[in-house]
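Student: Just one file: data-v4.cif, with mmCIF, C-alpha atoms.
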```cif
data_target
loop_
_atom_site.label_atom_id
_atom_site.label_comp_id
_atom_site.auth_asym_id
_atom_site.auth_seq_id
_atom_site.Cartn_x
_atom_site.Cartn_y
_atom_site.Cartn_z
CA MET A 1 0.00 0.00 0.00
CA SER A 2 1.29 3.49 -0.83
CA GLU A 3 2.64 5.79 1.89
CA GLY A 4 -0.16 7.66 3.68
CA LEU A 5 -2.93 5.45 2.28
CA ASP A 6 -4.65 3.12 4.72
CA GLU A 7 -7.32 0.64 3.66
CA ARG A 8 -10.18 3.14 3.98
CA LYS A 9 -8.45 5.82 1.91
CA THR A 10 -7.54 3.21 -0.71
CA LYS A 11 -11.20 2.13 -0.99
CA ILE A 12 -12.41 5.74 -1.24
CA LEU A 13 -9.81 6.56 -3.91
CA HIS A 14 -10.86 3.46 -5.87
CA ALA A 15 -14.52 4.49 -5.61
CA ILE A 16 -13.73 8.06 -6.79
CA ILE A 17 -11.70 6.84 -9.79
CA GLN A 18 -14.22 4.17 -10.79
CA THR A 19 -17.11 6.63 -10.56
CA TYR A 20 -15.17 9.25 -12.54
CA LEU A 21 -14.24 6.67 -15.21
CA GLU A 22 -17.93 5.80 -15.59
CA THR A 23 -19.41 9.32 -15.54
CA GLY A 24 -16.64 11.73 -16.58
CA GLU A 25 -18.03 14.12 -13.93
CA PRO A 26 -16.20 15.35 -10.79
CA VAL A 27 -17.14 13.16 -7.84
CA GLY A 28 -18.57 14.45 -4.55
CA SER A 29 -18.65 12.80 -1.11
CA ARG A 30 -22.42 12.25 -1.29
CA THR A 31 -22.07 10.29 -4.55
CA ILE A 32 -19.43 8.05 -2.95
CA ALA A 33 -21.58 7.55 0.17
CA LYS A 34 -24.55 6.46 -2.00
CA ALA A 35 -22.77 4.50 -4.70
CA SER A 36 -20.26 2.47 -2.69
CA ASP A 37 -20.67 -0.16 0.01
CA LEU A 38 -18.29 1.62 2.38
CA ASN A 39 -21.02 2.36 4.97
CA LEU A 40 -19.40 5.68 5.83
CA SER A 41 -21.08 9.04 6.39
CA SER A 42 -20.66 11.90 3.90
CA ALA A 43 -18.76 13.83 6.58
CA THR A 44 -16.22 11.00 7.08
CA ILE A 45 -15.79 10.63 3.32
CA ARG A 46 -15.33 14.42 3.00
CA ASN A 47 -12.51 14.35 5.59
CA GLU A 48 -10.81 11.43 3.85
CA MET A 49 -11.15 13.21 0.48
CA SER A 50 -9.45 16.29 1.96
CA ASP A 51 -6.55 14.07 3.05
CA LEU A 52 -6.38 12.42 -0.40
CA GLU A 53 -6.27 15.89 -1.97
CA GLU A 54 -3.45 16.99 0.36
CA LEU A 55 -1.54 13.81 -0.53
CA GLY A 56 -1.94 14.66 -4.23
CA TYR A 57 -4.14 11.70 -5.29
CA ILE A 58 -7.17 13.80 -6.28
CA VAL A 59 -7.68 17.40 -7.36
CA GLN A 60 -10.61 19.80 -7.30
CA PRO A 61 -11.46 21.51 -10.58
CA HIS A 62 -12.09 25.18 -9.68
CA THR A 63 -15.61 25.16 -11.12
CA SER A 64 -16.84 22.18 -9.10
CA ALA A 65 -17.36 20.93 -5.56
CA GLY A 66 -16.37 17.39 -6.68
CA ARG A 67 -12.93 15.89 -7.16
CA ILE A 68 -11.20 14.12 -10.05
CA PRO A 69 -8.15 11.81 -9.96
CA SER A 70 -4.68 13.32 -10.45
CA ASP A 71 -1.94 11.56 -12.43
CA LYS A 72 -0.63 10.28 -9.09
CA GLY A 73 -4.11 8.89 -8.33
CA TYR A 74 -4.34 7.16 -11.70
CA ARG A 75 -0.84 5.71 -11.23
CA PHE A 76 -1.81 4.26 -7.83
CA TYR A 77 -5.05 2.84 -9.28
CA VAL A 78 -3.31 1.21 -12.25
CA ASP A 79 -0.51 -0.31 -10.12
CA HIS A 80 -2.99 -1.52 -7.52
CA LEU A 81 -5.28 -2.99 -10.17
CA MET A 82 -2.42 -4.79 -11.92
CA GLU A 83 -1.32 -6.22 -8.57
CA GLU A 84 -4.86 -7.49 -7.85
CA LYS A 85 -5.14 -9.07 -11.30
CA ASP A 86 -1.75 -10.76 -10.87
CA HIS A 87 -2.99 -12.24 -7.55
CA GLU A 88 -6.22 -13.40 -9.22
CA ILE A 89 -4.32 -15.10 -12.04
CA SER A 90 -1.88 -16.67 -9.60
CA ASP A 91 -4.71 -18.01 -7.37
CA MET A 92 -6.56 -19.34 -10.42
CA LYS A 93 -3.42 -21.04 -11.73
CA GLU A 94 -2.93 -22.77 -8.38
CA PHE A 95 -6.55 -23.96 -8.45
CA VAL A 96 -6.20 -25.19 -12.03
CA ILE A 97 -2.92 -27.02 -11.31
CA GLU A 98 -4.48 -28.66 -8.25
CA LYS A 99 -7.58 -29.66 -10.24
CA THR A 100 -5.47 -30.99 -13.15
CA GLU A 101 -3.27 -33.02 -10.82
CA ARG A 102 -6.35 -34.42 -9.11
CA MET A 103 -7.95 -35.28 -12.47
CA GLU A 104 -4.76 -37.09 -13.57
CA PHE A 105 -4.67 -39.05 -10.30
CA VAL A 106 -8.36 -40.02 -10.59
CA LEU A 107 -8.03 -41.15 -14.23
CA LYS A 108 -4.93 -43.26 -13.47
CA GLN A 109 -6.77 -44.85 -10.54
CA ILE A 110 -9.79 -45.60 -12.72
CA ALA A 111 -7.59 -47.32 -15.33
CA LYS A 112 -5.95 -49.41 -12.60
CA ILE A 113 -9.18 -50.34 -10.76
CA LEU A 114 -11.00 -51.27 -13.99
CA ALA A 115 -8.09 -53.48 -15.07
CA THR A 116 -8.04 -55.21 -11.67
CA ASN A 117 -11.82 -55.68 -11.49
CA THR A 118 -12.30 -56.95 -15.05
CA ASN A 119 -8.96 -58.76 -15.64
CA TYR A 120 -8.71 -56.98 -18.99
CA ALA A 121 -6.55 -54.09 -20.28
CA THR A 122 -7.87 -50.52 -19.95
CA VAL A 123 -7.36 -47.13 -21.54
CA VAL A 124 -8.69 -43.79 -20.24
CA SER A 125 -8.25 -40.47 -22.06
CA ALA A 126 -7.99 -37.10 -20.33
CA PRO A 127 -10.95 -34.78 -21.04
CA GLN A 128 -10.80 -32.59 -24.14
CA THR A 129 -13.04 -29.97 -25.61
CA HIS A 130 -13.35 -28.73 -29.18
CA HIS A 131 -15.72 -25.92 -28.21
CA GLY A 132 -13.58 -23.83 -25.85
CA LYS A 133 -14.69 -20.30 -25.04
CA VAL A 134 -12.51 -17.45 -23.84
CA LYS A 135 -13.06 -16.79 -20.16
CA PHE A 136 -10.26 -14.33 -19.42
CA ILE A 137 -7.13 -12.87 -21.03
CA GLN A 138 -4.24 -11.09 -19.34
CA LEU A 139 -1.23 -9.57 -21.03
CA SER A 140 1.82 -8.85 -18.90
CA ALA A 141 5.31 -7.66 -19.81
CA VAL A 142 8.16 -10.18 -19.58
CA ASP A 143 10.87 -7.84 -20.87
CA ASP A 144 11.35 -5.12 -23.51
CA SER A 145 10.52 -7.43 -26.40
CA GLN A 146 8.24 -10.12 -24.94
CA VAL A 147 4.68 -10.14 -23.64
CA LEU A 148 3.10 -13.06 -21.81
CA ALA A 149 -0.51 -13.76 -22.84
CA THR A 150 -2.33 -15.78 -20.19
CA ILE A 151 -5.49 -17.20 -21.76
CA MET A 152 -8.13 -18.92 -19.66
CA LEU A 153 -10.80 -21.05 -21.35
CA ASP A 154 -14.00 -22.65 -20.10
CA GLY A 155 -13.27 -25.43 -17.66
CA ASN A 156 -10.58 -23.13 -16.17
CA ILE A 157 -7.93 -24.35 -18.58
CA VAL A 158 -5.02 -21.89 -18.52
CA LYS A 159 -2.57 -21.56 -21.41
CA ASN A 160 0.44 -19.24 -21.48
CA LYS A 161 1.84 -17.93 -24.76
CA ILE A 162 4.94 -15.77 -25.17
CA ILE A 163 4.43 -13.09 -27.83
CA HIS A 164 7.45 -11.30 -29.33
CA THR A 165 7.05 -7.55 -29.88
CA SER A 166 9.28 -4.80 -31.22
CA GLU A 167 8.43 -2.74 -28.15
CA THR A 168 6.53 -3.73 -25.00
CA PRO A 169 3.68 -1.30 -24.15
CA ASP A 170 3.83 0.55 -20.82
CA GLN A 171 1.62 -0.49 -17.89
CA GLU A 172 -1.28 1.88 -18.64
CA THR A 173 -1.39 0.79 -22.28
CA MET A 174 -1.19 -2.86 -21.20
CA LEU A 175 -4.14 -2.28 -18.84
CA LYS A 176 -6.15 -0.67 -21.66
CA LEU A 177 -5.32 -3.57 -24.01
CA ASN A 178 -6.41 -6.06 -21.32
CA ILE A 179 -9.72 -4.22 -20.86
CA LEU A 180 -10.17 -4.04 -24.66
CA LEU A 181 -9.42 -7.76 -25.20
CA ASN A 182 -11.59 -8.94 -22.33
CA GLY A 183 -14.46 -6.64 -23.25
CA SER A 184 -14.42 -7.93 -26.84
CA LEU A 185 -13.57 -11.62 -26.46
CA ASN A 186 -14.91 -12.91 -23.12
CA GLY A 187 -17.48 -15.65 -23.63
CA LEU A 188 -16.70 -16.07 -27.34
CA ALA A 189 -15.90 -19.41 -29.01
CA LEU A 190 -13.40 -19.51 -31.89
CA GLU A 191 -16.18 -19.56 -34.50
CA ASP A 192 -17.65 -16.37 -32.95
CA ILE A 193 -14.43 -14.40 -33.47
CA ASN A 194 -15.09 -13.17 -37.01
CA LEU A 195 -13.29 -10.69 -39.28
CA GLY A 196 -15.49 -7.86 -37.98
CA THR A 197 -14.42 -8.55 -34.38
CA ILE A 198 -10.76 -8.75 -35.42
CA SER A 199 -10.71 -5.55 -37.50
CA ARG A 200 -12.62 -3.63 -34.78
CA LEU A 201 -10.14 -4.80 -32.13
CA LYS A 202 -7.12 -3.90 -34.28
CA GLU A 203 -8.58 -0.47 -35.04
CA GLN A 204 -9.21 0.22 -31.32
CA ALA A 205 -5.69 -0.99 -30.46
CA GLY A 206 -4.19 1.66 -32.81
CA ILE A 207 -0.40 1.39 -32.97
CA HIS A 208 -0.61 -1.85 -30.98
CA SER A 209 -2.76 -3.60 -33.60
CA GLY A 210 0.16 -5.94 -34.48
CA LEU A 211 0.36 -7.15 -30.85
CA VAL A 212 -3.44 -7.65 -30.74
CA ALA A 213 -3.26 -9.68 -33.98
CA ARG A 214 -0.64 -11.96 -32.42
CA VAL A 215 -2.77 -12.32 -29.27
CA LEU A 216 -5.72 -13.36 -31.47
CA ASP A 217 -3.49 -15.96 -33.17
CA ALA A 218 -2.54 -17.27 -29.71
CA VAL A 219 -6.23 -17.44 -28.70
CA ALA A 220 -7.06 -19.38 -31.89
CA ALA A 221 -4.18 -21.81 -31.30
CA THR A 222 -5.26 -22.29 -27.68
CA ILE A 223 -8.93 -22.94 -28.44
CA HIS A 224 -8.09 -25.26 -31.31
CA VAL A 225 -7.07 -28.25 -29.21
CA ASP A 226 -3.91 -29.89 -30.46
CA GLU A 227 -4.96 -33.51 -30.67
CA ASP A 228 -1.33 -34.59 -30.40
CA ASP A 229 -1.56 -33.38 -26.78
CA LEU A 230 -4.20 -36.01 -26.03
CA GLU A 231 -3.18 -37.60 -22.75
CA ILE A 232 -4.13 -41.24 -22.19
CA TYR A 233 -3.61 -43.55 -19.24
CA THR A 234 -3.40 -47.34 -19.57
CA SER A 235 -3.33 -50.28 -17.20
CA GLY A 236 -3.52 -54.08 -17.20
CA ALA A 237 -1.59 -54.86 -20.42
CA THR A 238 -0.12 -57.96 -18.74
CA ASN A 239 -3.68 -59.31 -18.38
CA PHE A 240 -3.41 -60.36 -22.05
CA PHE A 241 -1.24 -63.29 -20.87
CA LYS A 242 -4.25 -64.69 -18.98
CA TYR A 243 -6.00 -65.64 -22.21
CA PRO A 244 -4.49 -68.41 -24.39
CA GLU A 245 -5.74 -66.88 -27.65
CA LEU A 246 -3.83 -63.66 -26.86
CA SER A 247 -0.80 -65.04 -25.02
CA ASP A 248 0.97 -66.44 -28.07
CA LYS A 249 4.40 -64.76 -27.87
CA THR A 250 4.11 -62.71 -31.07
CA LYS A 251 0.52 -61.57 -30.40
CA ALA A 252 1.18 -60.67 -26.78
CA THR A 253 4.35 -58.73 -27.66
CA GLU A 254 2.52 -56.77 -30.38
CA LEU A 255 -0.42 -56.01 -28.07
CA ILE A 256 1.84 -54.84 -25.23
CA SER A 257 3.94 -52.65 -27.56
CA THR A 258 0.69 -51.10 -28.88
CA PHE A 259 -0.09 -50.18 -25.28
CA GLU A 260 3.38 -48.83 -24.58
CA GLU A 261 3.65 -46.75 -27.76
CA LYS A 262 0.08 -45.43 -27.27
CA GLN A 263 -0.15 -43.71 -30.69
CA GLN A 264 -2.60 -46.26 -32.12
CA LEU A 265 -4.63 -46.05 -28.91
CA VAL A 266 -4.68 -42.25 -29.31
CA ASP A 267 -6.00 -42.71 -32.88
CA LEU A 268 -8.66 -45.10 -31.58
CA VAL A 269 -9.73 -42.58 -28.91
CA LYS A 270 -9.81 -39.72 -31.47
CA GLU A 271 -12.01 -41.80 -33.76
CA ARG A 272 -14.28 -42.57 -30.82
CA MET A 273 -14.44 -38.90 -29.79
CA ALA A 274 -15.43 -37.87 -33.33
CA ASP A 275 -18.54 -40.04 -32.93
CA ASP A 276 -21.40 -38.15 -31.26
CA ASN A 277 -22.74 -41.36 -29.69
CA THR A 278 -21.89 -41.01 -26.00
CA GLY A 279 -23.28 -44.40 -24.98
CA VAL A 280 -21.36 -47.66 -24.61
CA GLN A 281 -19.93 -48.93 -27.93
CA VAL A 282 -18.53 -52.38 -28.70
CA TYR A 283 -15.93 -53.06 -31.43
CA ILE A 284 -15.19 -56.70 -32.27
CA GLY A 285 -12.13 -57.99 -34.15
CA ASP A 286 -12.02 -56.55 -37.66
CA GLU A 287 -14.21 -53.60 -36.64
CA LEU A 288 -11.14 -52.21 -34.86
CA PRO A 289 -8.74 -49.89 -36.72
CA ILE A 290 -5.72 -51.46 -34.95
CA SER A 291 -4.25 -54.50 -36.74
CA THR A 292 -2.64 -55.92 -33.57
CA MET A 293 -6.08 -56.11 -31.95
CA LYS A 294 -7.86 -58.26 -34.56
CA ASP A 295 -8.30 -61.03 -31.95
CA CYS A 296 -9.69 -58.60 -29.37
CA SER A 297 -12.88 -56.77 -28.52
CA VAL A 298 -12.91 -53.19 -27.26
CA VAL A 299 -15.80 -51.73 -25.28
CA THR A 300 -15.77 -47.93 -24.92
CA ALA A 301 -17.84 -45.25 -23.22
CA THR A 302 -17.64 -41.46 -23.31
CA TYR A 303 -17.71 -39.58 -20.01
CA GLU A 304 -18.79 -35.93 -19.96
CA LEU A 305 -17.80 -33.12 -17.63
CA GLU A 306 -18.99 -29.50 -17.51
CA ASP A 307 -18.38 -27.03 -20.36
CA GLY A 308 -18.43 -29.67 -23.11
CA PHE A 309 -15.38 -31.58 -21.89
CA LYS A 310 -15.37 -35.26 -22.85
CA GLY A 311 -13.10 -38.25 -22.53
CA THR A 312 -13.10 -41.95 -23.42
CA ILE A 313 -12.84 -45.05 -21.25
CA GLY A 314 -12.05 -48.31 -23.02
CA ILE A 315 -11.69 -51.95 -21.96
CA ILE A 316 -9.73 -54.33 -24.21
CA GLY A 317 -9.90 -58.10 -23.90
CA PRO A 318 -10.45 -61.31 -25.87
CA LYS A 319 -13.55 -61.63 -28.05
CA ARG A 320 -14.99 -63.96 -25.42
CA MET A 321 -14.88 -61.24 -22.77
CA ASP A 322 -17.70 -60.98 -20.21
CA TYR A 323 -19.58 -58.24 -22.08
CA GLU A 324 -22.27 -57.81 -19.44
CA LYS A 325 -19.75 -57.27 -16.65
CA VAL A 326 -17.68 -54.90 -18.80
CA VAL A 327 -20.68 -52.80 -19.90
CA ASP A 328 -21.90 -52.51 -16.28
CA ALA A 329 -18.40 -51.52 -15.09
CA LEU A 330 -18.11 -48.84 -17.79
CA ARG A 331 -21.56 -47.40 -17.08
CA ASN A 332 -20.77 -47.15 -13.37
CA VAL A 333 -17.38 -45.51 -13.91
CA LYS A 334 -18.82 -43.08 -16.47
CA GLU A 335 -21.49 -41.91 -14.00
CA GLN A 336 -19.05 -41.68 -11.10
CA LEU A 337 -16.57 -39.63 -13.14
CA SER A 338 -19.22 -37.21 -14.33
CA ASP A 339 -20.61 -36.84 -10.78
CA THR A 340 -17.20 -36.41 -9.14
CA PHE A 341 -16.18 -33.45 -11.27
CA LYS A 342 -19.64 -31.88 -11.57
CA ASP A 343 -20.05 -31.84 -7.79
CA GLU A 344 -17.00 -29.60 -7.45
CA HIS A 345 -18.72 -26.83 -9.37
CA SER A 346 -22.28 -27.13 -8.06
#
```
Just give me the structure of the file as structure tokens.

Tutor:
Amino acid sequence: MSEGLDERKTKILHAIIQTYLETGEPVGSRTIAKASDLNLSSATIRNEMSDLEELGYIVQPHTSAGRIPSDKGYRFYVDHLMEEKDHEISDMKEFVIEKTERMEFVLKQIAKILATNTNYATVVSAPQTHHGKVKFIQLSAVDDSQVLATIMLDGNIVKNKIIHTSETPDQETMLKLNILLNGSLNGLALEDINLGTISRLKEQAGIHSGLVARVLDAVAATIHVDEDDLEIYTSGATNFFKYPELSDKTKATELISTFEEKQQLVDLVKERMADDNTGVQVYIGDELPISTMKDCSVVTATYELEDGFKGTIGIIGPKRMDYEKVVDALRNVKEQLSDTFKDEHS
């Protein structure tokens, strides 16, 4: 907190600046008493405003009884606001990291428990969305030629992109760009960001239109999920040895290497995710796109979380697998997963 400004003065200064930004009119003590939730009398606010004026944070235009912010007042407001936003982003990042780590732990456990309970091999994909919306954007300076764009999407997914610039804007300009970007893009999906939105943003950004264009590219890249980043968890590959028709040395080796390399499993999950059918699906032998699994059956289900996030759970075993048991296990896990992560946000 700046010298001479206690919590009450800080709140009053904030209220004066915010009111002035909204109205463009000098602000009086009565307006602050009515408009803010400070629960202070006009007389108390008047005394505090006198102190703020003496300290140089506000000035009184000679034609008015109200006050307006001075450059020093604006500087305090901008620095304070940037500090608050940095805290918000930092807190949100911690929450997101914690949630992501928990999700990873839960999915690994599910793969392991399903493999143990069914005696088959399992695959679980991390949730993905192809319909991400912008929730929040913050630009902050890294150095003279780099800006960090922190982009938050629905589902509280945070992505950081470094953007190279010929010259990093000063703090006030950065604040204005943040307000401009958030005011224009919050709540929009990629398909909603059209040429009109882009040209309007670039025009409003003036000399910083190049930086805004690169931020928009970063937003597009962030929303467009890179399918190569698809994370999958597997368990129970050694269960193949329990079934004579799969435990032939060549077959078993091929099956286990398919599980270790994961790429074909990723392709299988992608194909499954492209299908809008979210129920339980069964693929038998030649219906599978993976040549090493021609003697297997795969039963899959799609689980759904909030904000359009989906993932796949699959169980792989011999064609003579216990389909009833597998389908029941998948249905139960699918419901539990959806409930677990929905409950956190209810």

Student: Quick one: residues within 10 Å of Ser291 (chain A), only C-alpha atoms, excluding same-chain residues fewer than 6 positions away - as a PDB file with C-alpha atoms, in the frame of the given file?

Tutor:
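Saved result, out_25.pdb, follows:
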```
ATOM      1  CA  GLU A 254       2.520 -56.770 -30.380  1.00  0.00           C
ATOM      2  CA  LEU A 255      -0.420 -56.010 -28.070  1.00  0.00           C
ATOM      3  CA  THR A 258       0.690 -51.100 -28.880  1.00  0.00           C
ATOM      4  CA  GLN A 264      -2.600 -46.260 -32.120  1.00  0.00           C
ATOM      5  CA  GLY A 285     -12.130 -57.990 -34.150  1.00  0.00           C
TER       6      GLY A 285
END
```

Student: Could you list, as a list in words, every residue within 12 Å of Leu55 (chain A), counting all atoms listed in the file and ignoring same-chain residues fewer than 4 positions away?

Tutor: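 What passes the distance filter is Ser2, Glu3, Gly4, Leu5, Lys9, Leu13, Glu48, Met49, Ser50, Asp51, Val59, Pro69, Ser70, Lys72 and Gly73 of chain A.
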
Student: For Glu203 (chain A), which residue among A:Gln336, A:Leu177, A:Asp217, A:Gly66 is the nearest when counting only C-alpha atoms?

Tutor: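 Under the stated criterion, the closest residue is A:Leu177.
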
Student: Under the PyMOL selection byres ((chain A and resi 315-329) around 10), which residues of this model are included? Write them out as a PDB file with C-alpha atoms, in the coordinates of the input.

Tutor:
```pdb
ATOM      1  CA  ALA A 111      -7.590 -47.320 -15.330  1.00  0.00           C
ATOM      2  CA  LEU A 114     -11.000 -51.270 -13.990  1.00  0.00           C
ATOM      3  CA  ALA A 115      -8.090 -53.480 -15.070  1.00  0.00           C
ATOM      4  CA  ASN A 117     -11.820 -55.680 -11.490  1.00  0.00           C
ATOM      5  CA  THR A 118     -12.300 -56.950 -15.050  1.00  0.00           C
ATOM      6  CA  ASN A 119      -8.960 -58.760 -15.640  1.00  0.00           C
ATOM      7  CA  TYR A 120      -8.710 -56.980 -18.990  1.00  0.00           C
ATOM      8  CA  ALA A 121      -6.550 -54.090 -20.280  1.00  0.00           C
ATOM      9  CA  THR A 122      -7.870 -50.520 -19.950  1.00  0.00           C
ATOM     10  CA  VAL A 123      -7.360 -47.130 -21.540  1.00  0.00           C
ATOM     11  CA  VAL A 124      -8.690 -43.790 -20.240  1.00  0.00           C
ATOM     12  CA  THR A 234      -3.400 -47.340 -19.570  1.00  0.00           C
ATOM     13  CA  SER A 235      -3.330 -50.280 -17.200  1.00  0.00           C
ATOM     14  CA  GLY A 236      -3.520 -54.080 -17.200  1.00  0.00           C
ATOM     15  CA  ALA A 237      -1.590 -54.860 -20.420  1.00  0.00           C
ATOM     16  CA  ASN A 239      -3.680 -59.310 -18.380  1.00  0.00           C
ATOM     17  CA  PHE A 240      -3.410 -60.360 -22.050  1.00  0.00           C
ATOM     18  CA  LYS A 242      -4.250 -64.690 -18.980  1.00  0.00           C
ATOM     19  CA  TYR A 243      -6.000 -65.640 -22.210  1.00  0.00           C
ATOM     20  CA  PRO A 244      -4.490 -68.410 -24.390  1.00  0.00           C
ATOM     21  CA  GLU A 245      -5.740 -66.880 -27.650  1.00  0.00           C
ATOM     22  CA  LEU A 246      -3.830 -63.660 -26.860  1.00  0.00           C
ATOM     23  CA  VAL A 280     -21.360 -47.660 -24.610  1.00  0.00           C
ATOM     24  CA  GLN A 281     -19.930 -48.930 -27.930  1.00  0.00           C
ATOM     25  CA  VAL A 282     -18.530 -52.380 -28.700  1.00  0.00           C
ATOM     26  CA  TYR A 283     -15.930 -53.060 -31.430  1.00  0.00           C
ATOM     27  CA  ILE A 284     -15.190 -56.700 -32.270  1.00  0.00           C
ATOM     28  CA  GLY A 285     -12.130 -57.990 -34.150  1.00  0.00           C
ATOM     29  CA  MET A 293      -6.080 -56.110 -31.950  1.00  0.00           C
ATOM     30  CA  LYS A 294      -7.860 -58.260 -34.560  1.00  0.00           C
ATOM     31  CA  ASP A 295      -8.300 -61.030 -31.950  1.00  0.00           C
ATOM     32  CA  CYS A 296      -9.690 -58.600 -29.370  1.00  0.00           C
ATOM     33  CA  SER A 297     -12.880 -56.770 -28.520  1.00  0.00           C
ATOM     34  CA  VAL A 298     -12.910 -53.190 -27.260  1.00  0.00           C
ATOM     35  CA  VAL A 299     -15.800 -51.730 -25.280  1.00  0.00           C
ATOM     36  CA  THR A 300     -15.770 -47.930 -24.920  1.00  0.00           C
ATOM     37  CA  ALA A 301     -17.840 -45.250 -23.220  1.00  0.00           C
ATOM     38  CA  ILE A 313     -12.840 -45.050 -21.250  1.00  0.00           C
ATOM     39  CA  GLY A 314     -12.050 -48.310 -23.020  1.00  0.00           C
ATOM     40  CA  LEU A 330     -18.110 -48.840 -17.790  1.00  0.00           C
ATOM     41  CA  ARG A 331     -21.560 -47.400 -17.080  1.00  0.00           C
ATOM     42  CA  ASN A 332     -20.770 -47.150 -13.370  1.00  0.00           C
ATOM     43  CA  VAL A 333     -17.380 -45.510 -13.910  1.00  0.00           C
ATOM     44  CA  LYS A 334     -18.820 -43.080 -16.470  1.00  0.00           C
TER      45      LYS A 334
END
```

Student: Ala205 (chain A): which residues within 12 Å, counting all atoms listed in the file, same-chain residues fewer than 2 positions away excluded, as a list in words?

Tutor: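 Contacts, with the query itself left out: Pro169, Thr173, Met174, Leu175, Lys176, Leu177, Asn178, Ile179, Leu180, Leu181, Ser184, Ile198, Ser199, Arg200, Leu201, Lys202, Glu203, Ile207, His208, Ser209, Gly210, Leu211, Val212, Ala213 and Val215 of chain A.
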
Student: Run through the PyMOL selection byres ((chain A and resi 148) around 6) on the given coordinates and return the selected residues as a PyMOL selection string.

Tutor: chain A and resi 139-140+147+149+161-162

Student: Because some atoms of region 11-28 of chain A are absent here, can you restore N, CA and C atoms and send them as a PDB file, in the coordinates of the input?

Tutor:
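Saved result, rebuild-v4.pdb, follows:
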```pdb
ATOM      1  N   LYS A  11      -9.855   2.464  -0.488  1.00  0.00           N
ATOM      2  CA  LYS A  11     -11.200   2.130  -0.990  1.00  0.00           C
ATOM      3  C   LYS A  11     -11.912   3.373  -1.522  1.00  0.00           C
ATOM      4  N   ILE A  12     -11.756   4.490  -0.805  1.00  0.00           N
ATOM      5  CA  ILE A  12     -12.410   5.740  -1.240  1.00  0.00           C
ATOM      6  C   ILE A  12     -11.802   6.216  -2.559  1.00  0.00           C
ATOM      7  N   LEU A  13     -10.470   6.156  -2.663  1.00  0.00           N
ATOM      8  CA  LEU A  13      -9.810   6.560  -3.910  1.00  0.00           C
ATOM      9  C   LEU A  13     -10.283   5.688  -5.067  1.00  0.00           C
ATOM     10  N   HIS A  14     -10.372   4.380  -4.832  1.00  0.00           N
ATOM     11  CA  HIS A  14     -10.860   3.460  -5.870  1.00  0.00           C
ATOM     12  C   HIS A  14     -12.273   3.854  -6.300  1.00  0.00           C
ATOM     13  N   ALA A  15     -13.128   4.142  -5.307  1.00  0.00           N
ATOM     14  CA  ALA A  15     -14.520   4.490  -5.610  1.00  0.00           C
ATOM     15  C   ALA A  15     -14.587   5.790  -6.414  1.00  0.00           C
ATOM     16  N   ILE A  16     -13.743   6.777  -6.063  1.00  0.00           N
ATOM     17  CA  ILE A  16     -13.730   8.060  -6.790  1.00  0.00           C
ATOM     18  C   ILE A  16     -13.319   7.815  -8.245  1.00  0.00           C
ATOM     19  N   ILE A  17     -12.220   7.069  -8.420  1.00  0.00           N
ATOM     20  CA  ILE A  17     -11.700   6.840  -9.790  1.00  0.00           C
ATOM     21  C   ILE A  17     -12.697   6.044 -10.616  1.00  0.00           C
ATOM     22  N   GLN A  18     -13.267   4.979 -10.033  1.00  0.00           N
ATOM     23  CA  GLN A  18     -14.220   4.170 -10.790  1.00  0.00           C
ATOM     24  C   GLN A  18     -15.457   4.976 -11.190  1.00  0.00           C
ATOM     25  N   THR A  19     -15.936   5.793 -10.259  1.00  0.00           N
ATOM     26  CA  THR A  19     -17.110   6.630 -10.560  1.00  0.00           C
ATOM     27  C   THR A  19     -16.773   7.652 -11.645  1.00  0.00           C
ATOM     28  N   TYR A  20     -15.579   8.263 -11.540  1.00  0.00           N
ATOM     29  CA  TYR A  20     -15.170   9.250 -12.540  1.00  0.00           C
ATOM     30  C   TYR A  20     -14.984   8.615 -13.918  1.00  0.00           C
ATOM     31  N   LEU A  21     -14.418   7.373 -13.937  1.00  0.00           N
ATOM     32  CA  LEU A  21     -14.240   6.670 -15.210  1.00  0.00           C
ATOM     33  C   LEU A  21     -15.591   6.402 -15.874  1.00  0.00           C
ATOM     34  N   GLU A  22     -16.600   6.107 -15.050  1.00  0.00           N
ATOM     35  CA  GLU A  22     -17.930   5.800 -15.590  1.00  0.00           C
ATOM     36  C   GLU A  22     -18.666   7.059 -16.054  1.00  0.00           C
ATOM     37  N   THR A  23     -18.556   8.139 -15.273  1.00  0.00           N
ATOM     38  CA  THR A  23     -19.410   9.320 -15.540  1.00  0.00           C
ATOM     39  C   THR A  23     -18.690  10.464 -16.242  1.00  0.00           C
ATOM     40  N   GLY A  24     -17.381  10.582 -16.027  1.00  0.00           N
ATOM     41  CA  GLY A  24     -16.640  11.730 -16.580  1.00  0.00           C
ATOM     42  C   GLY A  24     -16.922  13.026 -15.831  1.00  0.00           C
ATOM     43  N   GLU A  25     -17.675  12.926 -14.725  1.00  0.00           N
ATOM     44  CA  GLU A  25     -18.030  14.120 -13.930  1.00  0.00           C
ATOM     45  C   GLU A  25     -17.235  14.116 -12.619  1.00  0.00           C
ATOM     46  N   PRO A  26     -16.851  15.299 -12.106  1.00  0.00           N
ATOM     47  CA  PRO A  26     -16.200  15.350 -10.790  1.00  0.00           C
ATOM     48  C   PRO A  26     -17.066  14.669  -9.735  1.00  0.00           C
ATOM     49  N   VAL A  27     -16.428  14.018  -8.786  1.00  0.00           N
ATOM     50  CA  VAL A  27     -17.140  13.160  -7.840  1.00  0.00           C
ATOM     51  C   VAL A  27     -17.192  13.798  -6.459  1.00  0.00           C
ATOM     52  N   GLY A  28     -18.396  13.883  -5.892  1.00  0.00           N
ATOM     53  CA  GLY A  28     -18.570  14.450  -4.550  1.00  0.00           C
ATOM     54  C   GLY A  28     -18.713  13.378  -3.493  1.00  0.00           C
TER      55      GLY A  28
END
```
